[in-house]
>>> print(open('structure.cif').read())   # mmCIF, C-alpha atoms
data_structure
loop_
_atom_site.label_atom_id
_atom_site.label_comp_id
_atom_site.auth_asym_id
_atom_site.auth_seq_id
_atom_site.Cartn_x
_atom_site.Cartn_y
_atom_site.Cartn_z
CA MET A 2 163.62 -12.55 159.04
CA THR A 3 162.36 -12.32 162.61
CA THR A 4 164.18 -10.22 165.21
CA THR A 5 164.77 -11.07 168.87
CA VAL A 6 164.84 -8.01 171.11
CA ALA A 7 165.19 -7.23 174.80
CA ALA A 8 161.99 -6.41 176.68
CA TYR A 9 160.47 -6.11 180.13
CA ALA A 10 157.53 -8.43 180.74
CA ALA A 11 155.19 -9.57 183.48
CA PRO A 12 155.51 -13.39 183.57
CA ALA A 13 152.20 -13.78 185.41
CA ALA A 14 149.39 -11.72 186.89
CA ARG A 15 150.59 -9.30 189.58
CA ALA A 16 154.18 -10.49 189.14
CA ARG A 17 157.06 -8.07 189.03
CA LEU A 18 158.32 -7.13 185.60
CA GLU A 19 161.49 -8.88 184.53
CA ARG A 20 163.95 -8.56 181.68
CA THR A 21 163.39 -11.05 178.89
CA THR A 22 163.38 -11.26 175.10
CA VAL A 23 160.56 -11.31 172.56
CA THR A 24 160.54 -12.15 168.88
CA ARG A 25 159.29 -9.56 166.42
CA ARG A 26 157.90 -10.75 163.11
CA SER A 27 159.68 -10.26 159.81
CA VAL A 28 159.07 -6.90 158.16
CA GLY A 29 156.28 -7.51 155.67
CA GLU A 30 155.23 -5.66 152.54
CA HIS A 31 153.54 -2.82 154.43
CA ASP A 32 155.34 -3.07 157.77
CA VAL A 33 157.58 -0.60 159.56
CA LEU A 34 160.33 -1.70 161.96
CA ILE A 35 160.71 0.90 164.71
CA ASP A 36 163.64 1.39 167.06
CA ILE A 37 161.78 2.39 170.22
CA ALA A 38 163.34 5.34 172.04
CA PHE A 39 160.76 6.02 174.75
CA VAL A 40 157.57 4.42 176.01
CA GLY A 41 155.10 5.93 178.46
CA ILE A 42 153.66 4.15 181.46
CA CYS A 43 149.87 4.30 181.38
CA HIS A 44 147.56 3.41 184.27
CA SER A 45 146.04 0.82 181.93
CA ASP A 46 149.40 -1.00 181.94
CA ILE A 47 148.92 -1.52 185.66
CA HIS A 48 145.29 -2.61 185.29
CA GLN A 49 146.25 -5.23 182.72
CA VAL A 50 149.43 -6.54 184.34
CA ARG A 51 147.41 -7.06 187.53
CA GLU A 52 144.36 -8.48 185.68
CA GLY A 53 142.17 -5.70 187.02
CA TRP A 54 140.14 -5.72 183.81
CA GLY A 55 139.83 -9.48 183.52
CA THR A 56 141.89 -12.45 182.40
CA ALA A 57 145.03 -11.42 180.53
CA ILE A 58 147.68 -13.02 178.31
CA PHE A 59 151.07 -13.79 179.86
CA PRO A 60 153.92 -13.23 179.54
CA MET A 61 152.84 -9.64 178.93
CA VAL A 62 155.02 -6.85 177.57
CA PRO A 63 153.06 -3.67 178.33
CA GLY A 64 153.39 -0.28 176.69
CA HIS A 65 151.24 1.52 174.14
CA GLU A 66 152.73 5.01 174.20
CA ILE A 67 155.60 4.33 171.82
CA ALA A 68 157.92 6.88 170.24
CA GLY A 69 160.91 6.00 168.11
CA VAL A 70 162.57 6.04 164.71
CA VAL A 71 161.97 3.95 161.60
CA ALA A 72 164.79 1.41 161.25
CA ALA A 73 163.47 -0.50 158.21
CA ARG A 74 160.39 -0.65 156.05
CA GLY A 75 158.68 -3.08 153.75
CA PRO A 76 158.84 -2.57 149.96
CA GLY A 77 155.22 -1.42 149.82
CA VAL A 78 155.55 1.29 152.47
CA ALA A 79 155.02 4.74 150.98
CA ALA A 80 154.28 6.92 154.00
CA PHE A 81 157.51 6.47 155.97
CA ALA A 82 161.24 6.36 155.32
CA VAL A 83 164.13 5.06 157.39
CA GLY A 84 165.02 7.70 159.97
CA ASP A 85 161.50 9.12 160.29
CA ARG A 86 160.29 9.97 163.81
CA VAL A 87 157.15 7.92 164.45
CA GLY A 88 154.75 6.76 167.12
CA VAL A 89 152.46 3.84 167.86
CA GLY A 90 149.50 4.04 170.21
CA CYS A 91 147.02 1.57 171.65
CA MET A 92 146.17 -0.41 168.51
CA VAL A 93 148.17 -2.03 165.75
CA ASP A 94 145.44 -3.39 163.49
CA SER A 95 141.69 -3.58 162.87
CA CYS A 96 139.38 -5.22 160.35
CA ARG A 97 139.63 -2.18 158.01
CA VAL A 98 136.31 -2.95 156.30
CA CYS A 99 133.57 -2.29 158.86
CA ARG A 100 131.66 0.99 158.93
CA ASN A 101 133.74 2.37 161.77
CA CYS A 102 137.08 1.48 160.20
CA ARG A 103 136.05 3.03 156.89
CA ALA A 104 135.04 6.18 158.78
CA GLY A 105 138.45 6.51 160.43
CA LEU A 106 137.16 5.19 163.75
CA GLU A 107 139.41 2.16 163.96
CA GLN A 108 139.28 2.33 167.75
CA TYR A 109 135.63 1.24 167.49
CA CYS A 110 136.23 -1.52 164.93
CA SER A 111 133.17 -3.78 164.85
CA ASP A 112 135.41 -6.83 164.87
CA GLY A 113 137.51 -5.34 167.68
CA PRO A 114 140.85 -3.57 167.23
CA VAL A 115 144.06 -5.50 167.76
CA TRP A 116 145.59 -3.87 170.81
CA THR A 117 149.30 -3.16 170.96
CA TYR A 118 149.71 -5.66 173.79
CA ASN A 119 147.68 -8.24 175.69
CA ALA A 120 145.92 -9.22 172.49
CA VAL A 121 146.13 -11.73 169.66
CA GLY A 122 146.94 -10.42 166.20
CA ARG A 123 145.22 -11.47 163.03
CA ASP A 124 148.16 -13.80 162.44
CA GLY A 125 147.19 -15.69 165.60
CA GLN A 126 150.24 -14.53 167.53
CA PRO A 127 150.20 -12.56 170.80
CA THR A 128 151.04 -8.88 170.61
CA TYR A 129 153.82 -7.43 172.75
CA GLY A 130 154.03 -3.74 173.62
CA GLY A 131 156.57 -1.02 173.87
CA TYR A 132 158.59 -1.97 176.95
CA SER A 133 161.03 -3.33 174.38
CA GLN A 134 163.76 -2.27 171.97
CA LYS A 135 161.88 -2.65 168.70
CA ILE A 136 158.42 -3.24 167.31
CA VAL A 137 157.04 -4.13 163.86
CA VAL A 138 153.76 -2.43 162.94
CA ASP A 139 151.70 -2.08 159.77
CA GLU A 140 152.25 1.41 158.34
CA ASN A 141 148.52 2.15 158.52
CA TYR A 142 148.73 2.14 162.34
CA VAL A 143 151.85 4.29 162.63
CA VAL A 144 151.81 8.07 162.99
CA ARG A 145 154.44 10.71 162.31
CA ILE A 146 155.81 12.69 165.26
CA PRO A 147 156.44 16.33 164.25
CA ASP A 148 159.98 17.63 164.65
CA ALA A 149 158.74 20.23 167.16
CA LEU A 150 157.90 17.46 169.65
CA PRO A 151 160.81 15.74 171.43
CA LEU A 152 160.25 11.97 171.40
CA ASP A 153 160.21 11.61 175.19
CA VAL A 154 157.40 14.13 175.79
CA ALA A 155 155.57 12.96 172.67
CA ALA A 156 155.29 9.33 173.82
CA PRO A 157 152.40 9.90 176.31
CA LEU A 158 150.45 11.73 173.63
CA LEU A 159 149.93 8.38 171.88
CA CYS A 160 147.44 7.37 174.59
CA ALA A 161 146.87 10.09 177.18
CA GLY A 162 146.93 12.82 174.56
CA ILE A 163 144.53 11.28 172.06
CA THR A 164 142.26 9.95 174.82
CA THR A 165 141.58 13.53 175.93
CA TYR A 166 141.80 15.23 172.52
CA SER A 167 139.19 13.00 170.86
CA PRO A 168 136.29 13.82 173.23
CA LEU A 169 137.25 17.50 173.34
CA ARG A 170 136.92 17.62 169.56
CA HIS A 171 133.80 15.46 169.42
CA TRP A 172 131.96 17.56 172.01
CA HIS A 173 133.13 20.81 170.40
CA ALA A 174 135.39 22.25 173.07
CA GLY A 175 136.37 25.73 171.95
CA PRO A 176 135.67 29.43 172.39
CA GLY A 177 132.53 30.10 174.38
CA ARG A 178 132.46 26.58 175.85
CA THR A 179 133.15 25.64 179.46
CA VAL A 180 135.09 22.45 180.18
CA ALA A 181 135.84 20.80 183.51
CA VAL A 182 138.61 18.24 183.80
CA VAL A 183 138.26 15.83 186.73
CA GLY A 184 141.70 14.87 188.00
CA LEU A 185 145.06 16.45 187.22
CA GLY A 186 147.06 13.34 186.45
CA GLY A 187 148.52 11.68 183.38
CA LEU A 188 145.39 12.25 181.31
CA GLY A 189 144.13 15.32 183.12
CA HIS A 190 147.24 17.46 182.73
CA LEU A 191 147.04 16.94 178.96
CA GLY A 192 143.29 17.47 178.90
CA VAL A 193 143.75 20.88 180.53
CA GLN A 194 146.41 21.93 178.02
CA LEU A 195 144.40 20.72 175.05
CA ALA A 196 141.11 22.28 176.16
CA HIS A 197 142.90 25.58 176.78
CA ALA A 198 144.63 25.44 173.39
CA LEU A 199 141.26 24.80 171.73
CA GLY A 200 139.99 28.02 173.28
CA ALA A 201 137.64 26.68 175.95
CA ARG A 202 137.32 28.07 179.47
CA VAL A 203 138.83 25.35 181.66
CA THR A 204 138.27 24.33 185.27
CA VAL A 205 140.13 21.58 187.12
CA LEU A 206 138.19 19.53 189.65
CA SER A 207 140.61 17.73 191.95
CA GLN A 208 140.30 16.22 195.40
CA SER A 209 142.44 18.94 196.93
CA LEU A 210 144.16 22.18 195.96
CA ARG A 211 147.59 20.54 196.18
CA LYS A 212 148.24 20.87 192.43
CA LYS A 213 146.47 24.19 191.93
CA ASP A 214 149.58 26.08 190.83
CA ASP A 215 150.32 23.42 188.24
CA GLY A 216 146.76 23.44 186.96
CA LEU A 217 146.73 27.19 186.45
CA ARG A 218 150.17 27.08 184.83
CA LEU A 219 148.96 24.43 182.38
CA GLY A 220 146.06 26.60 181.26
CA ALA A 221 143.19 26.19 183.71
CA ASP A 222 141.16 29.30 184.44
CA HIS A 223 139.84 27.93 187.72
CA TYR A 224 140.74 25.13 190.13
CA HIS A 225 138.39 23.66 192.75
CA ALA A 226 138.68 20.97 195.42
CA THR A 227 136.00 18.29 195.17
CA ALA A 228 136.53 17.38 198.82
CA ASP A 229 134.75 20.66 199.63
CA PRO A 230 130.97 20.17 199.29
CA ALA A 231 130.61 23.88 198.51
CA THR A 232 132.33 23.22 195.17
CA PHE A 233 129.32 21.32 193.85
CA GLU A 234 126.92 24.00 195.04
CA GLU A 235 128.98 26.81 193.51
CA LEU A 236 129.46 25.09 190.16
CA ALA A 237 125.98 23.60 189.65
CA GLY A 238 125.00 23.92 185.99
CA ALA A 239 128.32 25.53 185.05
CA PHE A 240 129.78 23.29 182.33
CA ASP A 241 129.10 22.22 178.78
CA LEU A 242 131.51 19.30 179.12
CA VAL A 243 133.04 17.42 182.03
CA LEU A 244 135.92 15.03 181.26
CA ASN A 245 136.43 12.44 183.97
CA THR A 246 140.03 11.25 183.74
CA VAL A 247 140.26 9.29 187.00
CA SER A 248 140.01 5.52 187.39
CA ALA A 249 138.25 5.60 190.76
CA PRO A 250 134.45 5.40 191.15
CA LEU A 251 132.75 8.80 191.39
CA ASP A 252 129.45 10.10 192.67
CA PHE A 253 128.16 10.49 189.13
CA GLY A 254 125.01 12.23 190.30
CA ALA A 255 127.03 15.04 191.84
CA TYR A 256 129.10 15.53 188.69
CA LEU A 257 126.12 15.34 186.35
CA ALA A 258 124.58 18.20 188.32
CA LEU A 259 127.49 20.38 187.19
CA LEU A 260 126.29 20.24 183.58
CA ARG A 261 124.35 22.86 181.69
CA THR A 262 121.42 21.90 179.49
CA ASP A 263 122.64 19.45 176.84
CA GLY A 264 125.94 19.08 178.67
CA ALA A 265 127.88 15.82 178.69
CA LEU A 266 129.90 14.02 181.34
CA VAL A 267 132.39 11.89 179.42
CA ASN A 268 134.07 9.09 181.30
CA LEU A 269 137.65 8.30 180.30
CA GLY A 270 138.86 6.43 183.38
CA LEU A 271 137.94 2.76 183.73
CA PRO A 272 137.49 1.67 187.36
CA GLU A 273 138.01 -2.01 188.02
CA ASP A 274 134.86 -2.23 190.15
CA PRO A 275 131.25 -1.55 189.12
CA VAL A 276 129.90 1.94 189.71
CA HIS A 277 126.49 3.05 190.91
CA LEU A 278 124.27 5.49 189.03
CA GLU A 279 120.89 6.86 190.01
CA LEU A 280 119.06 7.42 186.73
CA GLN A 281 117.24 10.38 188.27
CA SER A 282 120.51 12.30 188.00
CA LEU A 283 120.13 12.19 184.21
CA ASN A 284 116.56 13.41 184.32
CA GLY A 285 116.14 17.00 183.20
CA ASN A 286 118.25 19.38 181.13
CA ARG A 287 119.03 16.62 178.61
CA ARG A 288 122.29 15.82 180.36
CA SER A 289 124.31 12.92 179.00
CA LEU A 290 126.67 10.39 180.55
CA SER A 291 128.95 9.12 177.84
CA SER A 292 132.38 7.65 177.20
CA SER A 293 135.17 7.97 174.70
CA GLY A 294 137.89 5.54 173.76
CA LEU A 295 141.08 6.76 172.14
CA GLY A 296 140.87 8.18 168.62
CA GLY A 297 141.37 6.86 165.13
CA ILE A 298 144.72 6.96 163.36
CA ALA A 299 143.92 10.10 161.36
CA GLU A 300 142.68 11.88 164.48
CA THR A 301 145.81 10.82 166.36
CA GLN A 302 147.94 12.41 163.65
CA GLU A 303 145.77 15.52 163.84
CA MET A 304 146.32 15.62 167.59
CA LEU A 305 150.10 15.36 167.26
CA ASP A 306 150.18 18.15 164.70
CA PHE A 307 147.94 20.28 166.93
CA CYS A 308 150.21 19.69 169.92
CA ALA A 309 153.28 20.65 167.91
CA GLU A 310 151.60 23.83 166.70
CA HIS A 311 150.33 24.88 170.13
CA GLY A 312 153.22 23.76 172.32
CA VAL A 313 151.28 21.01 174.10
CA ALA A 314 153.39 18.18 175.52
CA ALA A 315 153.39 15.77 178.40
CA GLU A 316 155.24 16.68 181.57
CA ILE A 317 157.32 13.61 182.31
CA GLU A 318 159.66 11.86 184.66
CA THR A 319 162.08 9.69 182.71
CA ILE A 320 163.05 6.39 184.32
CA ARG A 321 165.11 3.27 183.66
CA ALA A 322 163.33 0.10 182.63
CA ASP A 323 164.21 -1.57 185.94
CA GLN A 324 162.31 1.17 187.78
CA ALA A 325 158.97 0.27 186.19
CA ASP A 326 157.59 -1.63 189.19
CA GLU A 327 158.44 1.27 191.50
CA ALA A 328 156.78 3.61 189.01
CA TYR A 329 153.61 1.48 189.08
CA GLU A 330 153.38 1.89 192.83
CA ARG A 331 153.94 5.61 192.56
CA VAL A 332 151.21 5.93 189.92
CA LEU A 333 148.79 4.24 192.31
CA ARG A 334 149.79 6.80 194.97
CA SER A 335 149.39 9.67 192.47
CA ASP A 336 153.07 10.37 193.06
CA VAL A 337 154.09 11.47 189.57
CA ARG A 338 153.90 14.76 187.73
CA TYR A 339 152.62 13.74 185.36
CA ARG A 340 153.68 10.75 183.27
CA PHE A 341 156.47 8.23 183.66
CA VAL A 342 158.42 7.51 180.49
CA ILE A 343 160.87 4.63 180.13
CA ASP A 344 164.11 5.32 178.31
CA THR A 345 164.42 2.10 176.31
CA ALA A 346 168.18 2.54 176.04
CA THR A 347 168.17 1.16 179.60
CA LEU A 348 166.73 -2.17 178.52
#
>>> encode(input="structure.cif", output="structure tokens")
Amino acid sequence: MTTTVAAYAAPAARARLERTTVTRRSVGEHDVLIDIAFVGICHSDIHQVREGWGTAIFPMVPGHEIAGVVAARGPGVAAFAVGDRVGVGCMVDSCRVCRNCRAGLEQYCSDGPVWTYNAVGRDGQPTYGGYSQKIVVDENYVVRIPDALPLDVAAPLLCAGITTYSPLRHWHAGPGRTVAVVGLGGLGHLGVQLAHALGARVTVLSQSLRKKDDGLRLGADHYHATADPATFEELAGAFDLVLNTVSAPLDFGAYLALLRTDGALVNLGLPEDPVHLELQSLNGNRRSLSSSGLGGIAETQEMLDFCAEHGVAAEIETIRADQADEAYERVLRSDVRYRFVIDTATL
């Protein structure tokens, strides 16, 4: 039978979030019903609620950094039991048959993944995210949260964590490699911890030195202010990998010049406005400008296990559900260290 649960939703573009209810589908053969304990606030929630990335589906229940406990399961579920600590990230389904899905790259499904919210599921119904009490998800898109990770600090790992872990692994961050992380925010503070835990030499590139102490504490070896033009002169050709975690347009030419031969600048932030790139900045030294989107389900589980083993977790500020709009404004002002997490008991 279906379940009606409390949620916070945006009724229209740019509207304030308001308390409402949504209906969750019946638990099917391979479904897991999750009691949501915590859900992170991601900058992409703000982009989508405000239609910064294009036309959206309303009412919208945001939230794709979901941590909770299994409350029920379908008869065909083998991987999870009632009481298990689990998480759900940015996607809840994919075609499962394309080359990417078969390779464990569901985030690049050729038919398009079904996103956790602001999407239409394969049943034709809109998806609603984690700013709610419960969610029903196919077991193949659920991950196990290790006991060593408290649910509140684990929630942001389901997006911010995997979004930084996946490119670090793909571009071989590790001993002997130099990694720069642009921006020390929700993604950046996890990127620094993960790159350090992987064994890379890590530098933070931030507008100012305001968060330098935090950056060094989280594992950075060096911290530089990008507002100082001398930074780009000093660090020219210094890095194998630059992860851009900010959502604002950058001078890509300046950052590409920081790369060594065969280095890559990987863009993780998604500005709402077009960006400008002079192709000459890619000429020479086989530098690459690339992107990375999330990680597959198996890689997300790998990331969680890695975080548990190495003591990597989000630094959070826990809030009530009715503080979400205020939190959005603070995110836009970079006034959070480093991820807001909603306690869903306040719904």
>>> resolve_selection(input="structure.cif", expression="the PyMOL selection byres ((chain A and resi 305-321) around 6)", output="short mmCIF file (atom, residue, chain, number, x, y, z; two decimals) with C-alpha atoms, in the frame of the given file")
data_model
loop_
_atom_site.label_atom_id
_atom_site.label_comp_id
_atom_site.auth_asym_id
_atom_site.auth_seq_id
_atom_site.Cartn_x
_atom_site.Cartn_y
_atom_site.Cartn_z
CA ALA A 149 158.74 20.23 167.16
CA LEU A 150 157.90 17.46 169.65
CA VAL A 154 157.40 14.13 175.79
CA GLN A 302 147.94 12.41 163.65
CA GLU A 303 145.77 15.52 163.84
CA MET A 304 146.32 15.62 167.59
CA ALA A 322 163.33 0.10 182.63
CA ASP A 323 164.21 -1.57 185.94
CA GLN A 324 162.31 1.17 187.78
CA TYR A 339 152.62 13.74 185.36
CA ARG A 340 153.68 10.75 183.27
CA PHE A 341 156.47 8.23 183.66
CA VAL A 342 158.42 7.51 180.49
CA ILE A 343 160.87 4.63 180.13
CA ASP A 344 164.11 5.32 178.31
CA THR A 347 168.17 1.16 179.60
#
>>> closest_residue(input="structure.cif", among="A:Ile37, A:Leu259, A:Leu195, A:Ala228", to="A:Gly175", atoms="all atoms listed in the file")
A:Leu195
>>> atom_distance(input="structure.cif", atom1="atom CA of A:Thr128", atom2="atom CA of A:Pro151")
26.5 Å
>>> closest_residue(input="structure.cif", among="A:Tyr132, A:Val205, A:His31, A:Glu140", to="A:Leu191", atoms="all atoms listed in the file")
A:Val205
>>> resolve_selection(input="structure.cif", expression="the PyMOL selection byres ((chain A and resi 160) around 10)", output="list in words")
Gly41, Ile42, Cys43, Ser45, Gly64, His65, Glu66, Ile67, Val89, Gly90, Cys91, Met92, Ala156, Pro157, Leu158, Leu159, Ala161, Gly162, Ile163, Thr164, Thr165, Tyr166, Gly187, Leu188, Gly294, Leu295, Gly296 and Thr301 of chain A
>>> resolve_selection(input="structure.cif", expression="the PyMOL selection byres ((chain A and resi 203) around 8)", output="PyMOL selection string")
chain A and resi 179-182+193+196-197+201-202+204-205+220-223
>>> atom_distance(input="structure.cif", atom1="atom CA of A:Pro127", atom2="atom CA of A:Thr21")
15.5 Å
>>> closest_residue(input="structure.cif", among="A:Tyr142, A:Tyr129, A:Tyr329, A:Phe240", to="A:Ala80", atoms="all atoms listed in the file")
A:Tyr142
>>> atom_distance(input="structure.cif", atom1="atom CA of A:Pro230", atom2="atom CA of A:Asn245")
18.0 Å
>>> closest_residue(input="structure.cif", among="A:Arg338, A:His44, A:Arg103, A:Lys135", to="A:Ala7", atoms="only C-alpha atoms")
A:Lys135
>>> closest_residue(input="structure.cif", among="A:Asp241, A:Asp85, A:Glu107, A:Asp32", to="A:Asp148", atoms="all atoms listed in the file")
A:Asp85
>>> closest_residue(input="structure.cif", among="A:Val276, A:Asp326, A:Trp54, A:Ser282", to="A:Leu260", atoms="all atoms listed in the file")
A:Ser282
>>> residues_around(input="structure.cif", residues="A:Asp139", least_positions_apart="6", cutoff="9 Å", atoms="only C-alpha atoms", output="list in words")
Val28, Gly29, Glu30, His31, Asp32, Val33, Leu34, Val78, Val93 and Asp94 of chain A
